[in-house]
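One file, query.txt, carrying compact mmCIF, C-alpha atoms and all ligand atoms:
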# COMPACT_ATOMS: atom_id res chain seq x y z
CA MET S 1 -47.40 -24.93 -9.79
CA ILE S 2 -45.03 -21.99 -9.46
CA THR S 3 -45.36 -22.04 -5.68
CA LEU S 4 -44.63 -25.73 -5.61
CA TYR S 5 -41.61 -25.19 -7.84
CA ILE S 6 -40.19 -22.43 -5.61
CA VAL S 7 -40.77 -24.38 -2.40
CA SER S 8 -39.27 -27.58 -3.77
CA THR S 9 -36.24 -25.69 -5.15
CA LEU S 10 -35.64 -23.98 -1.80
CA PHE S 11 -36.12 -27.29 -0.03
CA LEU S 12 -33.62 -29.01 -2.32
CA ILE S 13 -31.03 -26.26 -1.80
CA ILE S 14 -31.38 -26.52 1.98
CA VAL S 15 -31.25 -30.32 1.98
CA ASP S 16 -28.33 -30.35 -0.43
CA ASN S 17 -26.36 -28.00 1.83
CA ILE S 18 -27.14 -29.85 5.04
CA ASN S 19 -26.29 -33.11 3.31
CA MET S 20 -22.98 -31.78 2.11
CA LEU S 21 -22.18 -30.19 5.46
CA VAL S 22 -22.73 -33.49 7.23
CA LYS S 23 -20.66 -35.25 4.59
CA ASN S 24 -17.89 -32.72 4.95
CA ILE S 25 -17.74 -32.95 8.69
CA PHE S 26 -17.12 -36.68 8.49
CA LYS S 27 -15.41 -37.01 5.12
CA LEU S 28 -13.43 -33.93 4.13
CA LYS S 29 -12.50 -35.49 0.76
CA ASN S 30 -15.93 -34.64 -0.57
CA LEU S 31 -15.73 -30.94 0.25
CA LYS S 32 -17.90 -29.17 -2.31
CA PHE S 33 -17.87 -25.63 -3.61
CA SER S 34 -21.21 -24.41 -2.22
CA SER S 35 -20.33 -25.59 1.28
CA LEU S 36 -16.94 -23.96 0.96
CA ILE S 37 -18.66 -20.64 0.33
CA LEU S 38 -20.83 -21.24 3.37
CA LEU S 39 -17.85 -22.13 5.55
CA SER S 40 -15.81 -19.16 4.29
CA ALA S 41 -18.14 -16.96 6.34
CA CYS S 42 -16.62 -18.52 9.47
CA ILE S 43 -13.08 -17.18 8.81
CA GLU S 44 -11.70 -14.99 11.58
CA ASN S 45 -9.06 -12.25 11.33
CA ALA S 46 -9.64 -11.84 7.58
CA PRO S 47 -7.56 -8.81 6.58
CA LEU S 48 -9.80 -8.01 3.61
CA ASP S 49 -13.04 -8.30 5.60
CA SER S 50 -15.29 -5.43 4.56
CA LEU S 51 -17.60 -6.03 7.53
CA SER S 52 -15.13 -4.92 10.20
CA PRO S 53 -14.60 -1.20 9.50
CA GLU S 54 -11.70 0.61 11.17
CA GLY S 55 -12.47 4.17 10.16
CA PRO S 56 -15.40 6.58 9.69
CA TYR S 57 -15.77 6.12 5.91
CA ALA S 58 -15.88 2.34 6.09
CA ARG S 59 -18.16 2.58 9.11
CA SER S 60 -20.77 4.65 7.27
CA ILE S 61 -20.80 2.04 4.46
CA ASP S 62 -21.10 -0.70 7.06
CA GLU S 63 -24.08 1.01 8.72
CA LEU S 64 -25.77 1.23 5.33
CA PHE S 65 -25.11 -2.45 4.73
CA TRP S 66 -26.67 -3.53 8.02
CA LEU S 67 -29.71 -1.27 7.55
CA THR S 68 -30.36 -2.85 4.12
CA PHE S 69 -29.57 -6.32 5.43
CA TRP S 70 -32.09 -6.18 8.28
CA ILE S 71 -34.80 -4.72 6.05
CA ALA S 72 -34.13 -7.62 3.65
CA VAL S 73 -34.30 -10.11 6.55
CA VAL S 74 -37.71 -8.81 7.64
CA ILE S 75 -39.02 -8.99 4.05
CA PHE S 76 -37.61 -12.49 3.64
CA VAL S 77 -39.31 -13.74 6.79
CA ILE S 78 -42.66 -12.16 5.88
CA VAL S 79 -42.63 -13.39 2.27
CA GLN S 80 -41.43 -16.90 3.08
CA GLY S 81 -43.86 -17.07 6.02
CA ALA S 82 -46.78 -16.11 3.77
CA LEU S 83 -45.60 -18.60 1.17
CA LEU S 84 -45.38 -21.51 3.59
CA LEU S 85 -48.66 -20.51 5.23
CA SER S 86 -50.51 -20.54 1.92
CA VAL S 87 -48.96 -23.86 0.96
CA PHE S 88 -50.23 -25.55 4.13
CA VAL S 89 -53.48 -23.67 4.79
CA PHE S 90 -54.78 -23.64 1.22
CA LYS S 91 -53.61 -27.03 0.10
CA GLU S 92 -56.18 -29.07 -1.78
CA LYS S 93 -58.39 -31.28 0.37
CA PRO S 94 -60.91 -33.84 -0.91
CA ASP S 95 -64.25 -32.24 -1.71
CA SER S 96 -63.06 -28.76 -0.68
CA PRO S 97 -64.31 -25.96 -2.87
CA GLU S 98 -61.88 -23.84 -4.91
CA PRO S 99 -60.55 -21.00 -2.66
CA LYS S 100 -61.61 -17.44 -3.38
CA GLN S 101 -59.56 -16.07 -6.30
CA ILE S 102 -58.02 -12.59 -5.97
CA HIS S 103 -56.38 -12.17 -9.37
CA GLY S 104 -56.77 -8.60 -10.65
CA ASN S 105 -57.77 -7.14 -7.26
CA THR S 106 -56.99 -3.44 -7.69
CA LYS S 107 -56.64 -2.64 -3.98
CA LEU S 108 -54.12 -5.45 -3.49
CA GLU S 109 -52.21 -4.51 -6.65
CA ILE S 110 -51.85 -0.93 -5.39
CA LEU S 111 -50.90 -2.11 -1.91
CA TRP S 112 -48.05 -4.33 -3.02
CA THR S 113 -46.77 -1.68 -5.40
CA VAL S 114 -46.80 1.09 -2.79
CA ILE S 115 -45.14 -0.94 -0.01
CA PRO S 116 -41.95 -1.72 -2.03
CA VAL S 117 -41.80 1.94 -3.13
CA ILE S 118 -41.81 3.02 0.53
CA ILE S 119 -39.18 0.39 1.44
CA LEU S 120 -36.91 1.51 -1.43
CA ALA S 121 -37.35 5.14 -0.42
CA VAL S 122 -36.35 4.29 3.15
CA ILE S 123 -33.16 2.68 1.83
CA ALA S 124 -32.50 5.37 -0.80
CA VAL S 125 -32.42 8.37 1.56
CA PRO S 126 -29.46 7.26 3.73
CA THR S 127 -27.76 5.70 0.67
CA VAL S 128 -27.72 8.93 -1.33
CA LYS S 129 -26.68 10.88 1.79
CA THR S 130 -23.76 8.47 2.39
CA ILE S 131 -22.66 8.61 -1.27
CA PHE S 132 -22.37 12.40 -1.05
CA GLU S 133 -20.61 12.28 2.32
CA LEU S 134 -18.05 9.79 0.96
CA ALA S 135 -17.37 11.96 -2.08
CA ASN S 136 -16.82 15.23 -0.16
CA GLU S 137 -13.24 16.43 0.05
CA PRO S 138 -12.43 16.53 3.76
CA GLU S 139 -10.80 19.65 5.20
CA ASP S 140 -7.11 19.53 6.09
CA ALA S 141 -6.69 16.20 4.39
CA LEU S 142 -3.23 14.87 3.57
CA LYS S 143 -2.99 14.55 -0.20
CA VAL S 144 -1.49 11.36 -1.66
CA GLU S 145 -1.35 10.41 -5.33
CA VAL S 146 -2.00 6.76 -6.13
CA ILE S 147 -0.80 5.52 -9.50
CA GLY S 148 -1.77 2.07 -10.73
CA HIS S 149 0.79 -0.01 -12.62
CA GLN S 150 0.65 -3.62 -13.76
CA TRP S 151 0.87 -4.95 -10.97
CA TRP S 152 1.63 -2.62 -8.08
CA PHE S 153 0.52 0.67 -6.56
CA GLU S 154 2.80 3.70 -6.52
CA TYR S 155 2.32 6.48 -3.95
CA LYS S 156 3.46 10.10 -4.21
CA TYR S 157 3.18 12.74 -1.49
CA PRO S 158 3.33 16.08 -3.35
CA ASP S 159 3.57 18.11 -0.11
CA TYR S 160 6.62 16.16 1.07
CA ASP S 161 8.23 15.24 -2.27
CA ILE S 162 8.12 11.52 -1.44
CA THR S 163 7.70 8.63 -3.87
CA THR S 164 7.14 5.12 -2.58
CA ALA S 165 5.37 1.88 -3.48
CA ASN S 166 3.28 -1.01 -2.15
CA VAL S 167 2.94 0.38 1.40
CA LEU S 168 0.86 3.52 1.83
CA VAL S 169 1.93 5.20 5.06
CA ILE S 170 -0.60 7.61 6.59
CA PRO S 171 -1.07 9.41 9.90
CA ALA S 172 -3.75 7.79 12.08
CA ASP S 173 -6.99 9.59 12.88
CA LYS S 174 -6.57 12.10 10.06
CA PRO S 175 -8.40 12.32 6.74
CA ILE S 176 -6.40 11.34 3.65
CA ARG S 177 -7.38 12.46 0.17
CA LEU S 178 -6.21 10.08 -2.57
CA GLU S 179 -5.88 11.39 -6.12
CA MET S 180 -5.65 8.39 -8.36
CA TRP S 181 -5.03 7.39 -11.95
CA SER S 182 -3.57 4.50 -13.89
CA ASN S 183 -0.39 4.30 -15.92
CA ASP S 184 -1.67 1.48 -18.12
CA VAL S 185 -4.99 -0.39 -17.79
CA LEU S 186 -7.98 -0.07 -15.46
CA HIS S 187 -7.16 -0.85 -11.84
CA ASN S 188 -9.24 -0.44 -8.71
CA TYR S 189 -8.06 0.68 -5.29
CA TRP S 190 -9.64 -1.07 -2.33
CA VAL S 191 -8.82 -1.00 1.38
CA PRO S 192 -11.91 -2.82 2.71
CA LYS S 193 -11.44 -1.74 6.33
CA LEU S 194 -11.12 1.96 5.42
CA ASN S 195 -13.48 2.65 2.49
CA GLY S 196 -15.14 1.20 -0.60
CA LYS S 197 -13.54 0.65 -4.00
CA ARG S 198 -12.60 3.28 -6.57
CA TYR S 199 -11.36 2.87 -10.13
CA LEU S 200 -7.94 3.99 -11.33
CA VAL S 201 -8.45 5.10 -14.92
CA PRO S 202 -5.77 5.94 -17.51
CA GLY S 203 -5.92 9.66 -18.34
CA GLN S 204 -8.51 10.51 -15.70
CA THR S 205 -8.23 11.43 -12.03
CA THR S 206 -10.49 9.79 -9.48
CA TYR S 207 -10.65 10.51 -5.75
CA LEU S 208 -11.04 8.44 -2.62
CA ASN S 209 -10.93 9.38 1.06
CA LEU S 210 -9.28 7.24 3.73
CA HIS S 211 -9.36 7.68 7.47
CA ALA S 212 -8.02 5.15 9.97
CA ASP S 213 -9.15 5.32 13.60
CA SER S 214 -5.81 4.37 15.13
CA PRO S 215 -2.28 3.15 14.30
CA ASP S 216 -2.61 -0.21 12.56
CA GLU S 217 -1.90 -2.09 9.35
CA PHE S 218 -4.58 -2.66 6.71
CA TRP S 219 -4.60 -4.72 3.54
CA ALA S 220 -5.37 -3.38 0.10
CA GLN S 221 -6.24 -5.25 -3.07
CA CYS S 222 -6.72 -4.28 -6.70
CA GLY S 223 -10.44 -4.75 -7.27
CA GLU S 224 -10.55 -4.88 -11.08
CA TYR S 225 -9.18 -7.65 -13.28
CA CYS S 226 -6.13 -6.05 -14.88
CA GLY S 227 -4.14 -8.89 -16.41
CA LEU S 228 -2.24 -12.01 -15.46
CA SER S 229 -1.09 -10.96 -11.99
CA HIS S 230 -4.18 -9.01 -10.96
CA SER S 231 -4.64 -11.23 -7.90
CA LYS S 232 -1.10 -10.35 -6.81
CA MET S 233 -1.66 -6.61 -7.10
CA ARG S 234 -2.03 -6.05 -3.40
CA GLY S 235 -0.98 -3.43 -0.90
CA ARG S 236 -0.66 -2.39 2.69
CA VAL S 237 -1.81 0.77 4.43
CA LEU S 238 0.19 1.57 7.51
CA SER S 239 -1.34 4.17 9.81
CA LEU S 240 1.10 5.71 12.28
CA SER S 241 0.86 7.99 15.30
CA GLU S 242 1.58 11.65 14.53
CA SER S 243 5.17 11.53 15.79
CA ASP S 244 5.91 8.23 14.02
CA PHE S 245 4.49 9.62 10.81
CA GLU S 246 6.68 12.75 11.09
CA ALA S 247 9.73 10.56 11.65
CA TRP S 248 8.76 8.45 8.65
CA VAL S 249 8.45 11.57 6.45
CA LYS S 250 11.88 12.85 7.59
CA ASN S 251 13.47 9.52 6.82
CA GLN S 252 11.79 9.19 3.40
CA GLN S 253 13.13 12.61 2.40
CA GLN S 254 16.72 11.41 2.85
CA ASN S 255 18.64 10.14 -0.15
CA ALA S 256 20.39 6.79 -0.03
CA ASN S 257 24.10 6.84 0.75
CA LYS S 258 26.41 5.88 -2.06
CA LEU S 259 28.40 2.95 -0.70
CA GLU S 260 32.19 2.79 -1.08
CA GLY S 261 34.61 0.00 -0.28
CA ASN S 262 34.47 -3.76 -0.70
CA SER S 263 31.58 -4.82 1.51
CA LEU S 264 28.98 -7.27 0.19
CA ALA S 265 26.42 -4.46 0.16
CA ALA S 266 28.76 -2.26 -1.91
CA GLU S 267 29.12 -5.15 -4.34
CA GLY S 268 25.33 -5.33 -4.46
CA GLN S 269 25.21 -1.62 -5.30
CA GLN S 270 27.48 -2.36 -8.28
CA VAL S 271 25.13 -5.14 -9.39
CA TYR S 272 22.22 -2.67 -9.13
CA LEU S 273 24.12 -0.12 -11.23
CA ASN S 274 25.40 -2.56 -13.87
CA ALA S 275 23.01 -5.50 -14.24
CA GLY S 276 20.09 -3.53 -15.71
CA CYS S 277 18.05 -2.64 -12.59
CA THR S 278 18.55 1.09 -13.28
CA GLN S 279 16.48 0.81 -16.47
CA CYS S 280 13.38 0.89 -14.28
CA HIS S 281 14.28 1.37 -10.59
CA VAL S 282 15.40 4.68 -9.08
CA ILE S 283 17.41 4.93 -5.87
CA ASP S 284 17.64 8.62 -4.94
CA GLY S 285 21.23 9.63 -4.34
CA VAL S 286 22.59 6.62 -6.23
CA TRP S 287 20.70 6.57 -9.54
CA ASP S 288 18.10 9.30 -10.09
CA VAL S 289 17.25 8.76 -13.77
CA GLN S 290 13.94 7.05 -14.43
CA GLY S 291 14.24 4.66 -17.37
CA ASP S 292 11.64 3.62 -19.94
CA ARG S 293 9.40 1.77 -17.55
CA ILE S 294 8.45 2.92 -14.09
CA ALA S 295 9.15 0.39 -11.38
CA PRO S 296 9.04 0.91 -7.61
CA ASN S 297 11.43 3.51 -6.22
CA LEU S 298 13.86 1.53 -4.05
CA THR S 299 15.40 4.36 -2.00
CA HIS S 300 13.80 3.09 1.23
CA PHE S 301 13.12 -0.49 0.17
CA ALA S 302 14.18 -2.05 3.49
CA ASN S 303 11.61 0.12 5.24
CA ARG S 304 8.73 -1.68 3.55
CA ASN S 305 7.59 -5.01 4.94
CA VAL S 306 6.29 -6.24 1.58
CA PHE S 307 7.42 -6.05 -2.06
CA ALA S 308 6.45 -7.28 -5.54
CA GLY S 309 3.03 -5.64 -5.39
CA ALA S 310 2.80 -6.67 -1.72
CA ALA S 311 2.59 -10.27 -2.92
CA LEU S 312 5.66 -11.18 -0.84
CA TYR S 313 6.97 -10.31 2.61
CA ASN S 314 10.31 -8.56 2.52
CA THR S 315 12.54 -11.44 3.63
CA GLU S 316 15.90 -12.59 2.27
CA GLU S 317 14.38 -15.91 1.22
CA ASN S 318 11.57 -14.26 -0.78
CA LEU S 319 13.98 -11.74 -2.32
CA SER S 320 16.26 -14.48 -3.50
CA LYS S 321 13.33 -16.34 -5.14
CA TRP S 322 12.07 -13.12 -6.72
CA LEU S 323 15.45 -11.99 -8.09
CA ALA S 324 16.15 -15.46 -9.50
CA ASN S 325 12.93 -15.53 -11.53
CA PRO S 326 10.32 -12.78 -11.02
CA ALA S 327 7.81 -14.24 -13.50
CA GLU S 328 7.56 -17.44 -11.51
CA ILE S 329 6.06 -15.44 -8.64
CA LYS S 330 4.13 -12.87 -10.65
CA PRO S 331 3.23 -14.21 -14.09
CA GLY S 332 3.51 -11.54 -16.77
CA THR S 333 5.57 -9.19 -14.60
CA PHE S 334 7.58 -6.56 -16.45
CA MET S 335 10.55 -7.26 -14.22
CA PRO S 336 12.80 -9.37 -16.43
CA ASN S 337 14.85 -12.35 -15.38
CA LEU S 338 18.32 -10.80 -15.43
CA GLU S 339 20.00 -14.23 -15.16
CA LEU S 340 21.78 -13.12 -12.00
CA THR S 341 24.27 -15.50 -10.42
CA GLU S 342 23.75 -16.65 -6.85
CA ALA S 343 26.64 -14.42 -5.72
CA GLU S 344 25.06 -11.40 -7.44
CA ILE S 345 21.69 -12.15 -5.85
CA ASN S 346 23.25 -12.41 -2.39
CA ALA S 347 25.10 -9.13 -2.89
CA LEU S 348 21.91 -7.42 -4.09
CA ILE S 349 19.97 -8.67 -1.08
CA ALA S 350 22.70 -7.32 1.23
CA TYR S 351 22.50 -3.98 -0.56
CA LEU S 352 18.69 -3.80 -0.51
CA GLY S 353 18.87 -4.43 3.25
CA THR S 354 20.83 -1.19 3.70
CA LEU S 355 18.13 0.93 2.00
CA LYS S 356 16.30 1.97 5.15
CU1 LIG R 1 -4.74 -3.93 -10.96
CU2 LIG R 1 -6.23 -5.76 -10.86
Just give me the structure as structure tokens.
Amino acid sequence: MITLYIVSTLFLIIVDNINMLVKNIFKLKNLKFSSLILLSACIENAPLDSLSPEGPYARSIDELFWLTFWIAVVIFVIVQGALLLSVFVFKEKPDSPEPKQIHGNTKLEILWTVIPVIILAVIAVPTVKTIFELANEPEDALKVEVIGHQWWFEYKYPDYDITTANVLVIPADKPIRLEMWSNDVLHNYWVPKLNGKRYLVPGQTTYLNLHADSPDEFWAQCGEYCGLSHSKMRGRVLSLSESDFEAWVKNQQQNANKLEGNSLAAEGQQVYLNAGCTQCHVIDGVWDVQGDRIAPNLTHFANRNVFAGAALYNTEENLSKWLANPAEIKPGTFMPNLELTEAEINALIAYLGTLK
């Protein structure tokens, strides 16, 4: 009975999927959820794809995944093969005697207890080894602090006295040691192409190593539900060549210039100073006092290709939407709607564009 149940369930699942696939190919209106999941495996160039590692840490996790996957495939084929074989070979025929019963056979019981133990041991040895390797603090690693906020990541480089947000800039082909915590609720830092996930916990420091093979851009995503705009708590990791990274550090260490005169950007600076932005946003050299709530440091805002928790690309169009009504883009955001006029928004955008 149980065998019949399992086989018929499997059969139904397969038929249901084929049926829906055929339907979908000819009539896209009827696209169903299970087929969508199936088709999602076909996506190319997925920036959050954890199966295309671009560094040694992610690669060791990937190797572990494929080892376990292929062991599971072999077991699946053997078990399903035995199942189908017994269904067809031992099916009831007229006048056939009852097959030999093996219930309670001690030798068999021991055999199919020992085999899984050996399989699990084979998987456990490299798994435990990898866990320890991932946790080790690499030598000569660049230290970066990652602080989780609802809903963006802040980065501090204690060795260089740099504070930035949303885009983590690192040198390529060098180990990075992240020291992480949260300013409010649980968050989770995840750069799928560089390593696994790690929690950001209020009042506790956690660690994660990153290492990118070569200069490139990687996507990050908060991996723990942390409130209304959790899905928009994203990030970028930009790995640069050694000389580019040095140039980036030098530039980040510069303060912003205080603008004088009557240019549109200088007007925007006045809006920044007077409209309420300074309650939360620091611009080194222009307004250094952190207010009640920590918001991204804007000193080198124009240098970052994304903003608003990396939910938006840094374009004038997106900035104007964001400044007009932040909560429309990120529900629950702590950035208030300052009821800015269109002229004020345009001036602010001009000013933000100068913060390189
Ligand atoms: Cu932070 Cu989800």
Of the residues S:Pro56, S:Gly276, S:Pro94, S:Pro326, which is the one nearest to S:Glu133, using only C-alpha atoms?
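Looking at the shortest contact to S:Glu133, the residue is S:Pro56.
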Shell around S:Ala265 at 7 Å using only C-alpha atoms, local window under 2 positions removed, as a VMD selection string
chain S and resid 263 267 to 269 347 to 348 350 to 351
Preceding selection exported with C-alpha atoms as a PDB file, in the frame of the given file:
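Output saved as result-v3.pdb:
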ATOM      1  CA  SER S 263      31.580  -4.820   1.510  1.00  0.00           C
ATOM      2  CA  GLU S 267      29.120  -5.150  -4.340  1.00  0.00           C
ATOM      3  CA  GLY S 268      25.330  -5.330  -4.460  1.00  0.00           C
ATOM      4  CA  GLN S 269      25.210  -1.620  -5.300  1.00  0.00           C
ATOM      5  CA  ALA S 347      25.100  -9.130  -2.890  1.00  0.00           C
ATOM      6  CA  LEU S 348      21.910  -7.420  -4.090  1.00  0.00           C
ATOM      7  CA  ALA S 350      22.700  -7.320   1.230  1.00  0.00           C
ATOM      8  CA  TYR S 351      22.500  -3.980  -0.560  1.00  0.00           C
TER       9      TYR S 351
END
(message) What residues of the protein or nucleic acid chains come within 7 Å of ligand LIG 1 (chain R) when you use all atoms listed in the file? Reply as a VMD selection string.
(response) chain S and resid 148 to 151 186 to 188 222 to 227 230 to 231 233
Among S:Asp244, S:Lys143, S:Val79, S:Pro53, S:Trp112 is approached most closely, using all atoms listed in the file, by S:Val79
Mind checking which residues fall within 12 Å of S:Trp219, counting all atoms listed in the file, ignoring those fewer than 2 positions away in the same chain, and posting them as a ChimeraX atom specification? /S:45-50,54,166-169,189-195,216-217,221-222,233-239,306,309-311
Write a file of the just-selected residues containing C-alpha atoms, as a tab-separated table (two decimals), in the coordinates of the input.
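Output below, filename part-v9.tsv:
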chain	number	residue	atom	x	y	z
S	45	ASN	CA	-9.06	-12.25	11.33
S	46	ALA	CA	-9.64	-11.84	7.58
S	47	PRO	CA	-7.56	-8.81	6.58
S	48	LEU	CA	-9.80	-8.01	3.61
S	49	ASP	CA	-13.04	-8.30	5.60
S	50	SER	CA	-15.29	-5.43	4.56
S	54	GLU	CA	-11.70	0.61	11.17
S	166	ASN	CA	3.28	-1.01	-2.15
S	167	VAL	CA	2.94	0.38	1.40
S	168	LEU	CA	0.86	3.52	1.83
S	169	VAL	CA	1.93	5.20	5.06
S	189	TYR	CA	-8.06	0.68	-5.29
S	190	TRP	CA	-9.64	-1.07	-2.33
S	191	VAL	CA	-8.82	-1.00	1.38
S	192	PRO	CA	-11.91	-2.82	2.71
S	193	LYS	CA	-11.44	-1.74	6.33
S	194	LEU	CA	-11.12	1.96	5.42
S	195	ASN	CA	-13.48	2.65	2.49
S	216	ASP	CA	-2.61	-0.21	12.56
S	217	GLU	CA	-1.90	-2.09	9.35
S	221	GLN	CA	-6.24	-5.25	-3.07
S	222	CYS	CA	-6.72	-4.28	-6.70
S	233	MET	CA	-1.66	-6.61	-7.10
S	234	ARG	CA	-2.03	-6.05	-3.40
S	235	GLY	CA	-0.98	-3.43	-0.90
S	236	ARG	CA	-0.66	-2.39	2.69
S	237	VAL	CA	-1.81	0.77	4.43
S	238	LEU	CA	0.19	1.57	7.51
S	239	SER	CA	-1.34	4.17	9.81
S	306	VAL	CA	6.29	-6.24	1.58
S	309	GLY	CA	3.03	-5.64	-5.39
S	310	ALA	CA	2.80	-6.67	-1.72
S	311	ALA	CA	2.59	-10.27	-2.92
The residue from S:Ser214, S:Asn318, S:Gln252, S:Ser60 with the smallest atom-to-atom distance to S:Lys174, counting all atoms listed in the file, is S:Ser214
- Looking at all atoms listed in the file, which of S:Ile102, S:Phe88, S:Ile123, S:Leu338 is the one that sits closest to S:Ala72?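 Nearest candidate to S:Ala72 out of S:Ile102, S:Phe88, S:Ile123, S:Leu338: S:Ile123.
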Do you have the atom CA of S:Thr206-atom CA of S:Arg293 distance handy?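 Separation between atom CA of S:Thr206 and atom CA of S:Arg293: 22.9 Å.
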Worksheet item: Hey, can you check how far atom CA of S:Ala295 sits from atom CA of S:Leu210?
Response: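 It comes out at 24.8 Å.
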* **For S:Glu137: contacts at 9 Å, all atoms listed in the file, fewer than 3 positions along chain excluded, given as a ChimeraX atom specification** => /S:133-134,141,177,207-209
| message | I'd like to know which of S:Asp213, S:Glu344, S:Glu260, S:Glu317 is closest to S:Tyr272, using all atoms listed in the file. | response |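 Closest candidate: S:Glu344.
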For S:Leu240: contacts at 6 Å, all atoms listed in the file, fewer than 2 positions along chain excluded, given as a PDB file with C-alpha atoms, keeping the file's coordinate frame:
ATOM      1  CA  PRO S 171      -1.070   9.410   9.900  1.00  0.00           C
ATOM      2  CA  ALA S 172      -3.750   7.790  12.080  1.00  0.00           C
ATOM      3  CA  PRO S 215      -2.280   3.150  14.300  1.00  0.00           C
ATOM      4  CA  ASP S 244       5.910   8.230  14.020  1.00  0.00           C
ATOM      5  CA  PHE S 245       4.490   9.620  10.810  1.00  0.00           C
TER       6      PHE S 245
END
Nearest residue to S:Ala275 from the set S:Thr299, S:Thr164, S:Thr341, S:Thr106 (distances using all atoms listed in the file) =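 Comparing S:Thr299, S:Thr164, S:Thr341, S:Thr106 against S:Ala275, the winner is S:Thr341.
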**atom CA of S:Glu328 to atom CA of S:Lys156, straight-line distance in Å** =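 That distance, rounded to one decimal, is 28.8 Å.
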Q.
Need to verify the contact set: S:Ile283, 12 Å, all atoms listed in the file, exclusion of same-chain residues closer than 4 positions in sequence. Can you return it as number ranges by chain?
A. S: 163-164, 252, 254-258, 269, 272-273, 277-279, 287-291, 295-301, 351-352, 354-356
Reconstructed N, CA and C atoms for stretch 258-270 of chain S, given as a PDB file, in the coordinates of the input:
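Saved to selection.pdb:
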ATOM      1  N   LYS S 258      25.652   6.639  -1.070  1.00  0.00           N
ATOM      2  CA  LYS S 258      26.410   5.880  -2.060  1.00  0.00           C
ATOM      3  C   LYS S 258      27.478   5.092  -1.316  1.00  0.00           C
ATOM      4  N   LEU S 259      27.476   3.783  -1.465  1.00  0.00           N
ATOM      5  CA  LEU S 259      28.400   2.950  -0.700  1.00  0.00           C
ATOM      6  C   LEU S 259      29.760   2.879  -1.383  1.00  0.00           C
ATOM      7  N   GLU S 260      30.815   2.954  -0.566  1.00  0.00           N
ATOM      8  CA  GLU S 260      32.190   2.790  -1.080  1.00  0.00           C
ATOM      9  C   GLU S 260      32.766   1.546  -0.435  1.00  0.00           C
ATOM     10  N   GLY S 261      33.918   1.116  -0.924  1.00  0.00           N
ATOM     11  CA  GLY S 261      34.610   0.000  -0.280  1.00  0.00           C
ATOM     12  C   GLY S 261      34.257  -1.348  -0.885  1.00  0.00           C
ATOM     13  N   ASN S 262      34.598  -2.415  -0.140  1.00  0.00           N
ATOM     14  CA  ASN S 262      34.470  -3.760  -0.700  1.00  0.00           C
ATOM     15  C   ASN S 262      33.452  -4.630   0.027  1.00  0.00           C
ATOM     16  N   SER S 263      32.558  -4.014   0.784  1.00  0.00           N
ATOM     17  CA  SER S 263      31.580  -4.820   1.510  1.00  0.00           C
ATOM     18  C   SER S 263      30.643  -5.529   0.523  1.00  0.00           C
ATOM     19  N   LEU S 264      29.933  -6.539   1.027  1.00  0.00           N
ATOM     20  CA  LEU S 264      28.980  -7.270   0.190  1.00  0.00           C
ATOM     21  C   LEU S 264      27.899  -6.324  -0.323  1.00  0.00           C
ATOM     22  N   ALA S 265      27.455  -5.419   0.565  1.00  0.00           N
ATOM     23  CA  ALA S 265      26.420  -4.460   0.160  1.00  0.00           C
ATOM     24  C   ALA S 265      26.926  -3.545  -0.950  1.00  0.00           C
ATOM     25  N   ALA S 266      28.193  -3.110  -0.854  1.00  0.00           N
ATOM     26  CA  ALA S 266      28.760  -2.260  -1.910  1.00  0.00           C
ATOM     27  C   ALA S 266      28.849  -3.016  -3.228  1.00  0.00           C
ATOM     28  N   GLU S 267      29.137  -4.303  -3.129  1.00  0.00           N
ATOM     29  CA  GLU S 267      29.120  -5.150  -4.340  1.00  0.00           C
ATOM     30  C   GLU S 267      27.721  -5.174  -4.932  1.00  0.00           C
ATOM     31  N   GLY S 268      26.726  -5.301  -4.034  1.00  0.00           N
ATOM     32  CA  GLY S 268      25.330  -5.330  -4.460  1.00  0.00           C
ATOM     33  C   GLY S 268      24.951  -4.030  -5.161  1.00  0.00           C
ATOM     34  N   GLN S 269      25.470  -2.910  -4.657  1.00  0.00           N
ATOM     35  CA  GLN S 269      25.210  -1.620  -5.300  1.00  0.00           C
ATOM     36  C   GLN S 269      25.749  -1.631  -6.735  1.00  0.00           C
ATOM     37  N   GLN S 270      26.910  -2.257  -6.926  1.00  0.00           N
ATOM     38  CA  GLN S 270      27.480  -2.360  -8.280  1.00  0.00           C
ATOM     39  C   GLN S 270      26.574  -3.214  -9.173  1.00  0.00           C
TER      40      GLN S 270
END
